[in-house]
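Undergrad: What follows is my_file00.txt; its format and atoms are compact mmCIF, C-alpha atoms.
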```
# COMPACT_ATOMS: atom_id res chain seq x y z
CA MET A 1 -47.57 105.90 -109.87
CA VAL A 2 -49.42 103.77 -112.37
CA GLN A 3 -46.26 101.68 -112.80
CA ILE A 4 -46.05 101.06 -109.06
CA GLU A 5 -49.67 99.96 -108.94
CA THR A 6 -49.13 97.58 -111.85
CA ASP A 7 -46.11 96.05 -110.10
CA ILE A 8 -48.02 95.56 -106.85
CA LEU A 9 -50.89 93.85 -108.65
CA ALA A 10 -48.56 91.66 -110.72
CA LYS A 11 -46.81 90.50 -107.56
CA ASN A 12 -50.14 89.89 -105.85
CA ASN A 13 -51.39 87.91 -108.82
CA ALA A 14 -48.38 85.60 -108.66
CA TYR A 15 -49.11 84.84 -104.99
CA ALA A 16 -52.81 84.43 -105.81
CA ALA A 17 -51.95 81.89 -108.50
CA ALA A 18 -49.90 79.92 -105.97
CA ASN A 19 -52.77 79.99 -103.47
CA ARG A 20 -55.23 78.87 -106.14
CA ARG A 21 -52.99 75.96 -107.14
CA ARG A 22 -52.69 74.92 -103.51
CA PHE A 23 -56.45 75.12 -102.96
CA ALA A 24 -57.02 73.00 -106.08
CA GLU A 25 -54.48 70.38 -104.97
CA HIS A 26 -56.20 70.05 -101.60
CA GLY A 27 -59.80 70.29 -102.78
CA ILE A 28 -60.32 73.47 -100.78
CA LEU A 29 -63.12 75.86 -101.71
CA ALA A 30 -61.93 79.37 -100.80
CA LEU A 31 -64.59 82.10 -100.59
CA ASN A 32 -63.55 85.74 -100.25
CA LEU A 33 -66.26 87.61 -98.33
CA VAL A 34 -66.27 91.35 -99.01
CA SER A 35 -68.55 94.16 -97.85
CA SER A 36 -68.58 97.55 -96.21
CA PRO A 37 -68.21 97.62 -92.42
CA GLY A 38 -71.31 96.57 -90.52
CA SER A 39 -72.94 94.51 -93.25
CA GLY A 40 -73.21 91.59 -90.85
CA LYS A 41 -70.41 89.47 -92.39
CA THR A 42 -69.17 88.01 -89.11
CA SER A 43 -72.68 87.15 -87.89
CA LEU A 44 -73.43 85.55 -91.24
CA LEU A 45 -70.22 83.59 -90.95
CA THR A 46 -70.80 82.30 -87.40
CA ARG A 47 -74.35 81.16 -88.28
CA THR A 48 -73.10 79.51 -91.45
CA ILE A 49 -70.36 77.71 -89.55
CA GLU A 50 -72.80 76.45 -86.93
CA ALA A 51 -74.97 75.05 -89.71
CA LEU A 52 -72.21 73.39 -91.74
CA LYS A 53 -69.42 72.41 -89.36
CA GLU A 54 -70.61 68.81 -88.98
CA GLU A 55 -70.85 68.31 -92.76
CA PHE A 56 -67.30 69.10 -93.85
CA PRO A 57 -64.14 70.77 -92.50
CA LEU A 58 -64.17 74.56 -92.27
CA ALA A 59 -61.49 77.17 -91.64
CA VAL A 60 -61.56 80.97 -91.45
CA ILE A 61 -59.13 83.78 -92.16
CA GLU A 62 -60.22 87.07 -90.62
CA GLY A 63 -58.95 90.39 -91.99
CA ASP A 64 -59.22 93.57 -89.95
CA GLN A 65 -57.09 96.67 -89.64
CA GLN A 66 -56.92 96.19 -85.86
CA THR A 67 -58.26 93.81 -83.18
CA ALA A 68 -58.65 90.05 -83.09
CA ASN A 69 -62.30 90.12 -81.97
CA ASP A 70 -63.69 88.53 -85.10
CA ALA A 71 -61.31 85.56 -85.07
CA GLU A 72 -62.19 85.13 -81.39
CA ARG A 73 -65.92 85.04 -82.26
CA ILE A 74 -65.23 82.42 -84.93
CA ARG A 75 -63.06 80.26 -82.66
CA GLN A 76 -65.95 80.00 -80.21
CA THR A 77 -67.71 77.91 -82.85
CA GLY A 78 -64.87 75.39 -82.60
CA VAL A 79 -63.61 76.08 -86.11
CA PRO A 80 -59.95 77.11 -86.61
CA ALA A 81 -59.59 80.83 -87.35
CA LEU A 82 -56.61 83.06 -87.89
CA GLN A 83 -56.67 86.84 -87.60
CA ILE A 84 -54.67 89.05 -89.95
CA ASN A 85 -54.27 92.69 -88.91
CA THR A 86 -53.57 94.85 -91.93
CA GLY A 87 -52.65 97.97 -89.93
CA LYS A 88 -53.00 100.85 -92.37
CA GLY A 89 -53.92 98.46 -95.19
CA CYS A 90 -57.51 98.51 -96.44
CA HIS A 91 -57.55 94.95 -97.84
CA LEU A 92 -56.01 91.51 -97.56
CA ASP A 93 -53.52 90.49 -100.21
CA ALA A 94 -52.62 87.08 -101.59
CA HIS A 95 -49.26 87.00 -99.79
CA MET A 96 -50.89 87.46 -96.37
CA VAL A 97 -53.42 84.77 -97.21
CA GLY A 98 -50.67 82.35 -98.26
CA HIS A 99 -48.95 82.81 -94.90
CA ALA A 100 -52.23 82.40 -93.03
CA VAL A 101 -52.91 79.16 -94.90
CA ASP A 102 -49.42 77.92 -93.91
CA HIS A 103 -50.43 78.32 -90.27
CA LEU A 104 -54.07 77.26 -90.51
CA LYS A 105 -53.36 74.13 -92.59
CA PRO A 106 -57.00 73.60 -93.63
CA GLN A 107 -57.92 69.95 -94.12
CA ASP A 108 -58.35 68.55 -97.61
CA GLY A 109 -61.92 69.17 -98.78
CA SER A 110 -62.36 72.21 -96.52
CA VAL A 111 -64.36 75.30 -97.14
CA LEU A 112 -62.08 78.24 -96.30
CA PHE A 113 -63.90 81.49 -95.59
CA ILE A 114 -61.74 84.59 -95.97
CA GLU A 115 -63.44 87.56 -94.33
CA ASN A 116 -61.83 90.57 -95.94
CA VAL A 117 -61.40 94.01 -94.37
CA GLY A 118 -64.72 95.90 -94.36
CA ASN A 119 -64.30 98.09 -97.44
CA LEU A 120 -66.13 98.26 -100.77
CA VAL A 121 -63.16 99.61 -102.75
CA CYS A 122 -59.69 98.19 -102.08
CA PRO A 123 -60.45 94.44 -101.86
CA ALA A 124 -61.98 94.45 -105.37
CA ALA A 125 -58.60 94.67 -107.09
CA PHE A 126 -56.80 92.00 -105.07
CA ASP A 127 -57.21 88.40 -106.13
CA LEU A 128 -56.50 86.15 -103.14
CA GLY A 129 -56.69 82.91 -105.13
CA GLU A 130 -60.30 82.39 -104.08
CA ALA A 131 -62.88 80.51 -106.16
CA HIS A 132 -65.44 83.29 -105.72
CA LYS A 133 -65.77 86.71 -104.24
CA VAL A 134 -69.06 86.99 -102.34
CA VAL A 135 -70.23 90.54 -101.71
CA ILE A 136 -72.53 91.08 -98.75
CA LEU A 137 -74.77 94.12 -98.84
CA SER A 138 -76.99 95.02 -95.93
CA VAL A 139 -80.34 96.42 -97.04
CA THR A 140 -79.75 99.21 -94.52
CA GLU A 141 -76.99 100.54 -96.80
CA GLY A 142 -79.21 101.62 -99.70
CA GLU A 143 -79.82 100.07 -103.11
CA ASP A 144 -77.37 102.30 -104.99
CA LYS A 145 -74.21 100.60 -103.74
CA PRO A 146 -73.65 98.38 -106.80
CA ILE A 147 -73.41 101.40 -109.11
CA LYS A 148 -71.42 103.46 -106.60
CA TYR A 149 -68.88 100.67 -106.10
CA PRO A 150 -69.03 98.94 -109.49
CA ASP A 151 -65.59 97.33 -109.29
CA MET A 152 -66.58 95.27 -106.28
CA PHE A 153 -69.92 94.14 -107.66
CA HIS A 154 -68.27 93.41 -110.98
CA ALA A 155 -65.64 91.24 -109.28
CA ALA A 156 -68.14 89.26 -107.18
CA ASP A 157 -69.92 86.13 -108.42
CA LEU A 158 -72.57 86.23 -105.70
CA MET A 159 -74.31 89.12 -103.95
CA ILE A 160 -75.93 88.44 -100.61
CA LEU A 161 -78.59 90.92 -99.55
CA ASN A 162 -78.45 90.65 -95.78
CA LYS A 163 -80.79 91.87 -93.00
CA ILE A 164 -83.92 91.45 -95.14
CA ASP A 165 -85.92 91.20 -91.89
CA LEU A 166 -85.51 95.00 -91.73
CA LEU A 167 -87.06 95.63 -95.17
CA PRO A 168 -90.50 96.57 -93.75
CA TYR A 169 -88.88 99.47 -91.89
CA LEU A 170 -86.73 100.78 -94.74
CA GLN A 171 -87.03 102.50 -98.12
CA PHE A 172 -84.99 99.86 -99.94
CA ASP A 173 -85.97 98.77 -103.44
CA VAL A 174 -84.78 95.17 -103.78
CA GLU A 175 -85.60 94.93 -107.50
CA LYS A 176 -83.73 98.14 -108.26
CA CYS A 177 -80.72 96.98 -106.26
CA ILE A 178 -80.59 93.72 -108.22
CA GLU A 179 -80.99 95.60 -111.49
CA TYR A 180 -78.08 97.88 -110.53
CA ALA A 181 -75.93 94.88 -109.63
CA ARG A 182 -76.70 93.21 -112.98
CA ARG A 183 -75.90 96.42 -114.80
CA VAL A 184 -72.28 96.19 -113.62
CA ASN A 185 -72.20 92.37 -113.63
CA PRO A 186 -74.81 90.66 -115.84
CA SER A 187 -74.10 87.18 -114.49
CA ILE A 188 -74.05 87.94 -110.74
CA ARG A 189 -76.17 85.60 -108.60
CA VAL A 190 -78.27 87.08 -105.82
CA LEU A 191 -79.41 85.54 -102.54
CA GLN A 192 -81.57 87.39 -100.02
CA LEU A 193 -81.34 86.43 -96.37
CA SER A 194 -81.40 87.42 -92.76
CA ALA A 195 -78.42 85.94 -90.91
CA THR A 196 -79.97 86.75 -87.52
CA ARG A 197 -83.52 85.50 -88.25
CA GLY A 198 -82.45 82.58 -90.45
CA GLU A 199 -84.65 83.36 -93.47
CA GLY A 200 -82.83 82.47 -96.70
CA MET A 201 -79.92 80.83 -94.87
CA ALA A 202 -80.80 77.39 -96.25
CA LEU A 203 -80.27 78.61 -99.83
CA TRP A 204 -76.89 80.09 -98.97
CA GLN A 205 -75.83 76.81 -97.36
CA GLN A 206 -77.08 74.95 -100.42
CA TRP A 207 -75.04 77.28 -102.62
CA ILE A 208 -71.91 76.56 -100.55
CA ARG A 209 -72.50 72.78 -100.70
CA ALA A 210 -73.03 72.78 -104.46
CA THR A 211 -70.11 75.13 -105.11
CA ARG A 212 -67.87 72.95 -102.96
CA GLN A 213 -68.79 69.96 -105.12
CA VAL A 214 -67.69 71.89 -108.21
CA ALA A 215 -64.38 72.68 -106.47
CA LEU A 216 -63.99 68.98 -105.60
CA VAL A 217 -64.36 67.73 -109.18
CA GLY A 218 -61.29 65.66 -109.88
CA HIS A 219 -60.23 65.65 -106.25
CA SER A 220 -60.35 62.65 -103.95
CA ALA A 221 -61.30 64.62 -100.80
CA GLY A 222 -64.96 64.49 -99.94
CA GLU A 223 -67.70 62.31 -101.33
CA ALA A 224 -68.71 62.23 -104.97
CA PRO A 225 -71.68 64.46 -105.75
CA MET B 1 -67.36 102.31 -136.06
CA VAL B 2 -66.64 101.99 -132.37
CA GLN B 3 -70.07 103.48 -131.66
CA ILE B 4 -71.76 100.86 -133.84
CA GLU B 5 -69.93 98.06 -132.08
CA THR B 6 -70.95 99.43 -128.68
CA ASP B 7 -74.58 99.60 -129.79
CA ILE B 8 -74.53 96.03 -131.05
CA LEU B 9 -73.04 94.74 -127.83
CA ALA B 10 -75.45 96.77 -125.66
CA LYS B 11 -78.38 95.32 -127.58
CA ASN B 12 -76.95 91.82 -127.31
CA ASN B 13 -76.41 92.25 -123.57
CA ALA B 14 -80.06 93.17 -123.07
CA TYR B 15 -81.14 89.96 -124.83
CA ALA B 16 -78.54 88.00 -122.85
CA ALA B 17 -79.94 89.38 -119.60
CA ALA B 18 -83.42 88.24 -120.63
CA ASN B 19 -82.11 84.76 -121.49
CA ARG B 20 -80.26 84.55 -118.18
CA ARG B 21 -83.39 85.52 -116.24
CA ARG B 22 -85.37 82.88 -118.10
CA PHE B 23 -82.75 80.19 -117.45
CA ALA B 24 -82.74 81.11 -113.74
CA GLU B 25 -86.55 80.96 -113.54
CA HIS B 26 -86.57 77.50 -115.07
CA GLY B 27 -83.51 76.10 -113.32
CA ILE B 28 -81.73 75.64 -116.64
CA LEU B 29 -77.94 75.39 -116.74
CA ALA B 30 -76.81 76.90 -120.06
CA LEU B 31 -73.27 76.11 -121.21
CA ASN B 32 -71.78 77.95 -124.19
CA LEU B 33 -69.26 75.66 -125.90
CA VAL B 34 -66.66 77.55 -127.92
CA SER B 35 -63.62 76.41 -129.89
CA SER B 36 -61.94 76.60 -133.24
CA PRO B 37 -63.30 74.33 -135.98
CA GLY B 38 -62.35 70.67 -135.62
CA SER B 39 -61.68 70.67 -131.88
CA GLY B 40 -64.10 67.78 -131.46
CA LYS B 41 -66.96 69.78 -129.88
CA THR B 42 -69.76 67.80 -131.51
CA SER B 43 -68.20 64.42 -130.68
CA LEU B 44 -67.67 65.56 -127.11
CA LEU B 45 -71.28 66.66 -126.99
CA THR B 46 -72.77 63.43 -128.36
CA ARG B 47 -70.71 61.31 -125.91
CA THR B 48 -71.69 63.60 -123.04
CA ILE B 49 -75.35 63.37 -123.98
CA GLU B 50 -75.23 59.58 -124.16
CA ALA B 51 -73.74 59.51 -120.65
CA LEU B 52 -76.14 62.01 -119.02
CA LYS B 53 -79.45 61.80 -120.86
CA GLU B 54 -81.00 59.39 -118.34
CA GLU B 55 -80.03 61.60 -115.36
CA PHE B 56 -81.69 64.89 -116.25
CA PRO B 57 -83.28 66.63 -119.25
CA LEU B 58 -80.92 67.92 -121.94
CA ALA B 59 -81.32 70.21 -124.95
CA VAL B 60 -78.93 71.49 -127.59
CA ILE B 61 -78.64 74.60 -129.73
CA GLU B 62 -76.25 74.14 -132.63
CA GLY B 63 -74.60 77.12 -134.30
CA ASP B 64 -73.00 76.82 -137.73
CA GLN B 65 -72.62 79.15 -140.67
CA GLN B 66 -74.20 76.55 -142.93
CA THR B 67 -75.58 73.00 -142.78
CA ALA B 68 -77.74 71.23 -140.23
CA ASN B 69 -75.47 68.20 -139.89
CA ASP B 70 -74.55 68.80 -136.28
CA ALA B 71 -78.13 69.15 -135.05
CA GLU B 72 -78.89 65.96 -136.98
CA ARG B 73 -76.06 64.14 -135.18
CA ILE B 74 -77.39 65.35 -131.84
CA ARG B 75 -81.00 64.38 -132.59
CA GLN B 76 -79.85 60.82 -133.20
CA THR B 77 -79.15 60.64 -129.46
CA GLY B 78 -82.85 61.30 -128.82
CA VAL B 79 -82.22 64.73 -127.32
CA PRO B 80 -84.00 67.79 -128.78
CA ALA B 81 -81.66 69.94 -130.87
CA LEU B 82 -82.16 73.06 -132.91
CA GLN B 83 -79.81 74.28 -135.62
CA ILE B 84 -79.10 77.98 -136.13
CA ASN B 85 -77.37 78.93 -139.37
CA THR B 86 -75.57 82.23 -138.99
CA GLY B 87 -74.85 82.65 -142.71
CA LYS B 88 -72.04 85.21 -142.89
CA GLY B 89 -72.02 85.59 -139.11
CA CYS B 90 -69.09 84.16 -137.16
CA HIS B 91 -70.90 83.70 -133.83
CA LEU B 92 -74.27 83.16 -132.19
CA ASP B 93 -75.88 86.15 -130.49
CA ALA B 94 -78.28 86.32 -127.56
CA HIS B 95 -81.25 87.22 -129.75
CA MET B 96 -80.84 84.08 -131.87
CA VAL B 97 -80.51 81.98 -128.73
CA GLY B 98 -83.68 83.50 -127.25
CA HIS B 99 -85.63 82.52 -130.36
CA ALA B 100 -84.14 79.03 -130.34
CA VAL B 101 -85.16 78.59 -126.69
CA ASP B 102 -88.70 79.68 -127.62
CA HIS B 103 -88.84 76.77 -130.05
CA LEU B 104 -86.87 74.19 -128.05
CA LYS B 105 -88.72 74.83 -124.78
CA PRO B 106 -86.17 73.00 -122.58
CA GLN B 107 -87.72 71.37 -119.54
CA ASP B 108 -87.22 72.89 -116.10
CA GLY B 109 -83.96 71.64 -114.62
CA SER B 110 -82.39 71.00 -118.05
CA VAL B 111 -78.82 71.34 -119.08
CA LEU B 112 -78.81 73.36 -122.31
CA PHE B 113 -75.67 72.98 -124.40
CA ILE B 114 -75.11 75.80 -126.87
CA GLU B 115 -72.52 74.76 -129.44
CA ASN B 116 -71.25 78.01 -130.87
CA VAL B 117 -69.82 78.56 -134.35
CA GLY B 118 -66.27 77.19 -134.59
CA ASN B 119 -64.25 80.36 -134.11
CA LEU B 120 -61.84 81.49 -131.39
CA VAL B 121 -62.47 85.22 -131.87
CA CYS B 122 -66.04 86.43 -132.44
CA PRO B 123 -67.95 84.35 -129.86
CA ALA B 124 -65.81 85.73 -127.01
CA ALA B 125 -67.53 89.13 -127.04
CA PHE B 126 -71.12 87.88 -127.19
CA ASP B 127 -72.80 86.95 -123.94
CA LEU B 128 -75.65 84.52 -124.68
CA GLY B 129 -76.96 84.49 -121.11
CA GLU B 130 -75.04 81.29 -120.36
CA ALA B 131 -73.79 80.33 -116.90
CA HIS B 132 -70.35 79.48 -118.26
CA LYS B 133 -68.38 79.58 -121.46
CA VAL B 134 -66.47 76.34 -121.91
CA VAL B 135 -63.57 76.54 -124.34
CA ILE B 136 -62.50 73.30 -125.99
CA LEU B 137 -58.93 73.11 -127.28
CA SER B 138 -57.68 70.09 -129.15
CA VAL B 139 -54.08 69.24 -128.30
CA THR B 140 -53.49 69.00 -132.05
CA GLU B 141 -53.90 72.80 -132.25
CA GLY B 142 -50.75 73.74 -130.31
CA GLU B 143 -50.28 75.05 -126.79
CA ASP B 144 -50.01 78.72 -127.77
CA LYS B 145 -53.73 79.23 -128.47
CA PRO B 146 -54.60 80.79 -125.07
CA ILE B 147 -52.15 83.66 -125.60
CA LYS B 148 -53.00 84.03 -129.29
CA TYR B 149 -56.73 84.23 -128.54
CA PRO B 150 -56.69 85.74 -125.05
CA ASP B 151 -60.22 87.18 -125.17
CA MET B 152 -61.73 83.74 -125.54
CA PHE B 153 -59.67 82.10 -122.82
CA HIS B 154 -60.30 85.11 -120.59
CA ALA B 155 -64.06 84.80 -121.11
CA ALA B 156 -64.18 81.04 -120.43
CA ASP B 157 -64.54 79.53 -116.95
CA LEU B 158 -63.42 76.06 -118.04
CA MET B 159 -60.89 74.90 -120.61
CA ILE B 160 -61.19 71.37 -121.93
CA LEU B 161 -58.05 69.92 -123.47
CA ASN B 162 -59.48 67.38 -125.89
CA LYS B 163 -57.88 64.52 -127.86
CA ILE B 164 -55.29 63.79 -125.17
CA ASP B 165 -55.02 60.24 -126.56
CA LEU B 166 -52.95 61.85 -129.34
CA LEU B 167 -50.39 63.42 -126.94
CA PRO B 168 -47.79 60.64 -127.46
CA TYR B 169 -47.66 61.54 -131.17
CA LEU B 170 -47.48 65.32 -130.77
CA GLN B 171 -45.15 68.05 -129.54
CA PHE B 172 -47.71 69.56 -127.18
CA ASP B 173 -46.64 70.86 -123.78
CA VAL B 174 -49.68 70.47 -121.52
CA GLU B 175 -48.13 72.35 -118.59
CA LYS B 176 -47.16 75.27 -120.80
CA CYS B 177 -50.65 75.40 -122.31
CA ILE B 178 -52.22 75.54 -118.85
CA GLU B 179 -49.73 78.20 -117.77
CA TYR B 180 -50.64 80.28 -120.85
CA ALA B 181 -54.35 79.89 -120.11
CA ARG B 182 -53.85 80.99 -116.50
CA ARG B 183 -51.81 83.95 -117.66
CA VAL B 184 -54.87 85.38 -119.41
CA ASN B 185 -57.37 83.97 -116.89
CA PRO B 186 -55.95 83.14 -113.45
CA SER B 187 -59.08 81.35 -112.27
CA ILE B 188 -59.77 79.15 -115.33
CA ARG B 189 -60.40 75.47 -114.54
CA VAL B 190 -58.83 72.84 -116.77
CA LEU B 191 -60.00 69.33 -117.61
CA GLN B 192 -58.06 66.98 -119.87
CA LEU B 193 -59.94 64.33 -121.77
CA SER B 194 -60.38 62.24 -124.86
CA ALA B 195 -63.98 62.33 -126.05
CA THR B 196 -63.42 59.39 -128.42
CA ARG B 197 -61.47 57.15 -125.99
CA GLY B 198 -63.42 58.16 -122.89
CA GLU B 199 -60.45 59.07 -120.67
CA GLY B 200 -61.31 62.05 -118.45
CA MET B 201 -64.97 62.06 -119.50
CA ALA B 202 -66.13 61.10 -116.00
CA LEU B 203 -64.63 64.29 -114.55
CA TRP B 204 -66.33 66.43 -117.17
CA GLN B 205 -69.67 64.78 -116.40
CA GLN B 206 -69.03 65.31 -112.69
CA TRP B 207 -68.32 68.99 -113.38
CA ILE B 208 -71.63 69.31 -115.28
CA ARG B 209 -73.57 67.59 -112.48
CA ALA B 210 -72.05 69.77 -109.76
CA THR B 211 -72.42 72.96 -111.79
CA ARG B 212 -76.05 72.09 -112.47
CA GLN B 213 -76.64 71.82 -108.73
CA VAL B 214 -75.25 75.33 -108.26
CA ALA B 215 -77.63 76.58 -110.98
CA LEU B 216 -80.51 74.82 -109.22
CA VAL B 217 -79.94 76.50 -105.84
CA GLY B 218 -83.22 78.13 -104.93
CA HIS B 219 -85.09 76.38 -107.73
CA SER B 220 -87.63 73.63 -107.25
CA ALA B 221 -86.70 71.71 -110.41
CA GLY B 222 -84.47 68.73 -109.77
CA GLU B 223 -83.51 67.09 -106.54
CA ALA B 224 -81.77 68.87 -103.68
CA PRO B 225 -78.00 68.29 -103.67
```
Please lay out the structure from this file as structure tokens.
TA:
Amino acid sequence: MVQIETDILAKNNAYAAANRRRFAEHGILALNLVSSPGSGKTSLLTRTIEALKEEFPLAVIEGDQQTANDAERIRQTGVPALQINTGKGCHLDAHMVGHAVDHLKPQDGSVLFIENVGNLVCPAAFDLGEAHKVVILSVTEGEDKPIKYPDMFHAADLMILNKIDLLPYLQFDVEKCIEYARRVNPSIRVLQLSATRGEGMALWQQWIRATRQVALVGHSAGEAP
Amino acid sequence: MVQIETDILAKNNAYAAANRRRFAEHGILALNLVSSPGSGKTSLLTRTIEALKEEFPLAVIEGDQQTANDAERIRQTGVPALQINTGKGCHLDAHMVGHAVDHLKPQDGSVLFIENVGNLVCPAAFDLGEAHKVVILSVTEGEDKPIKYPDMFHAADLMILNKIDLLPYLQFDVEKCIEYARRVNPSIRVLQLSATRGEGMALWQQWIRATRQVALVGHSAGEAP
């Protein structure tokens, strides 16, 4: 059983390495967005796309067990999106993402958002070749999630606390949540925002811009920083 | 024995967390430069400082078992530098760095270079609160170092292959070295340069600039990206 799991991860890692090489060659910043269902990932993504789509090329890979609703929502923004249905699978893997990139053909210098299946467990173990995992946590979910799902918060470089406009109506301790996240991942960055109200969205966009410049170092796509 | 080691690391991690919070509050990008002795870290640092010191504030913490020569070399560039002598110790720890920062008082928006003790083993385990560990490997050292010292290359976000001007005179397989590094750390970035000849230095400076902008997201120090 353990052997099988090791084999699956080794195979995934080889595909992830190929994806990462390809992203580097094309100056593509790939962000793997992970969360539990209902954290507001797709709303965050559509607002982010609306704000950034004139600045640089964007592309989206949507992962869901069933339905193509999310890719449809994204396509309405005018940005290319491809839906992957994982069926019984609880996460995207690097092989699926490689195929999706074959079809999407993101432009050089793109930001590629990969919206993973809503799940705080399975996606943690699967490297897709992304530059960063970004974990989105809605403040409606409770501040204990980082210590209940440590693998995911350990794997992420950035935690987004979403729906902060609801804080006045909730018992959610922001400081405690951040402390929990740092307990499992001392160097995790935290941004607080409300995708629907817009508060904090400017910082998230600034983070994407700056992170894209890091990804572009040594690449001819896009302007120099 | 194991218990003692755990206690030491737990204590170090608490100091590292405090350093990291302080760096975040002051918009300081801290880079922890690690390598074996003689990789050319101090030369790389002095050239980097000369190139960047007019763009934004810089500060340096120098770690060595003995002597204050390196801090003296840095101070000649006009940038504030503080020497820590670790005596028998083979690495800096977060507590030492916290004290050094108390004395150095880097300006808001600074890049703080922490040149660790030349050693490819001990510094890997000690978080100093830095944003990134940068491992410098001279091509004169042989391409097998990433798999011989996997902890260090696993802990680093960026590998600098230094002294590439000597490649024509060496049996050093750059591709193999990068493959080894990615085997222990799939997402490691690699830059190739010659600190003395200048080749590749522009990319390294570009990486520092872009990474500093990421550190500045949400901070008022420094210009918006």
Undergrad: What are the centre and edge lengths in Å, to one decimal, of the axis-aligned box around all listed atoms of segment 194-203 of chain A with 5 Å added on each side, as AutoDock Vina command-line options?
TA:
```
--center_x -81.5 --center_y 82.4 --center_z -93.7 --size_x 16.2 --size_y 20.0 --size_z 22.3
```
Undergrad: What residues in chain A lie within 7 Å of chain B, counting only C-alpha atoms, written as a list in words?
TA: Ala17, Pro186, Leu203, Gln206, Trp207, Ala210, Thr211, Gln213, Val214, Val217, Gly218 and Pro225 of chain A
Undergrad: Need to verify the contact set: Ala181 of chain B, 10 Å, only C-alpha atoms, exclusion of same-chain residues closer than 5 positions in sequence. Can you return it as JSON, numbers by chain?
TA: {"B": [143, 144, 145, 146, 147, 149, 150, 152, 153, 154, 156, 159, 175, 176, 186, 187, 188, 189, 190]}
Undergrad: Between atom CA of Glu72 of chain B and atom CA of Phe23 of chain B, what distance in Å does the model show, to one decimal?
TA: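 Atom CA of Glu72 of chain B sits 24.5 Å away from atom CA of Phe23 of chain B.
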Undergrad: For Gln66 of chain A, please output as a compact mmCIF listing (two decimals) with C-alpha atoms, in the frame of the given file all residues within 12 Å (counting only C-alpha atoms; exclusion window: fewer than 5 positions along the same chain).
TA:
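Output below, filename selection_39.txt:
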```
# COMPACT_ATOMS: atom_id res chain seq x y z
CA ALA A 71 -61.31 85.56 -85.07
CA GLN A 83 -56.67 86.84 -87.60
CA ILE A 84 -54.67 89.05 -89.95
CA ASN A 85 -54.27 92.69 -88.91
CA THR A 86 -53.57 94.85 -91.93
CA GLY A 87 -52.65 97.97 -89.93
CA LYS A 88 -53.00 100.85 -92.37
CA GLY A 89 -53.92 98.46 -95.19
CA CYS A 90 -57.51 98.51 -96.44
CA VAL A 117 -61.40 94.01 -94.37
CA GLY A 118 -64.72 95.90 -94.36
```
Undergrad: How many Å separate atom CA of Gln3 of chain A from atom CA of Ala155 of chain A?
TA: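 Here the two named atoms are 22.3 Å from each other.
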Undergrad: Please indicate the distance in Å from atom CA of Pro123 of chain B to atom CA of Leu29 of chain A, rounded to one decimal place.
TA: 29.8 Å
Undergrad: With distances taken over all atoms listed in the file, which of A:Asp165, A:Asp70, A:Asp93, A:Glu54 is nearest to Asn19 of chain A?
TA: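 Checking each of A:Asp165, A:Asp70, A:Asp93, A:Glu54 against Asn19 of chain A, counting all atoms listed in the file, the winner is A:Asp93.
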Undergrad: Applying 8 Å and all atoms listed in the file, which residues near Phe126 of chain A remain after dropping the ones on its own chain fewer than 4 positions away? List them as a list in words.
TA: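 So, after excluding close chain neighbours, the residues are Leu9, Asn12, Asn13, His91, Leu92, Asp93, Ala94 and Cys122 of chain A.
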Undergrad: Emit the selected residues as a PDB file, in the coordinates of the input, including C-alpha atoms.
TA:
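Printed below is out-v5.pdb as written:
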```
ATOM      1  CA  LEU A   9     -50.890  93.850-108.650  1.00  0.00           C
ATOM      2  CA  ASN A  12     -50.140  89.890-105.850  1.00  0.00           C
ATOM      3  CA  ASN A  13     -51.390  87.910-108.820  1.00  0.00           C
ATOM      4  CA  HIS A  91     -57.550  94.950 -97.840  1.00  0.00           C
ATOM      5  CA  LEU A  92     -56.010  91.510 -97.560  1.00  0.00           C
ATOM      6  CA  ASP A  93     -53.520  90.490-100.210  1.00  0.00           C
ATOM      7  CA  ALA A  94     -52.620  87.080-101.590  1.00  0.00           C
ATOM      8  CA  CYS A 122     -59.690  98.190-102.080  1.00  0.00           C
TER       9      CYS A 122
END
```
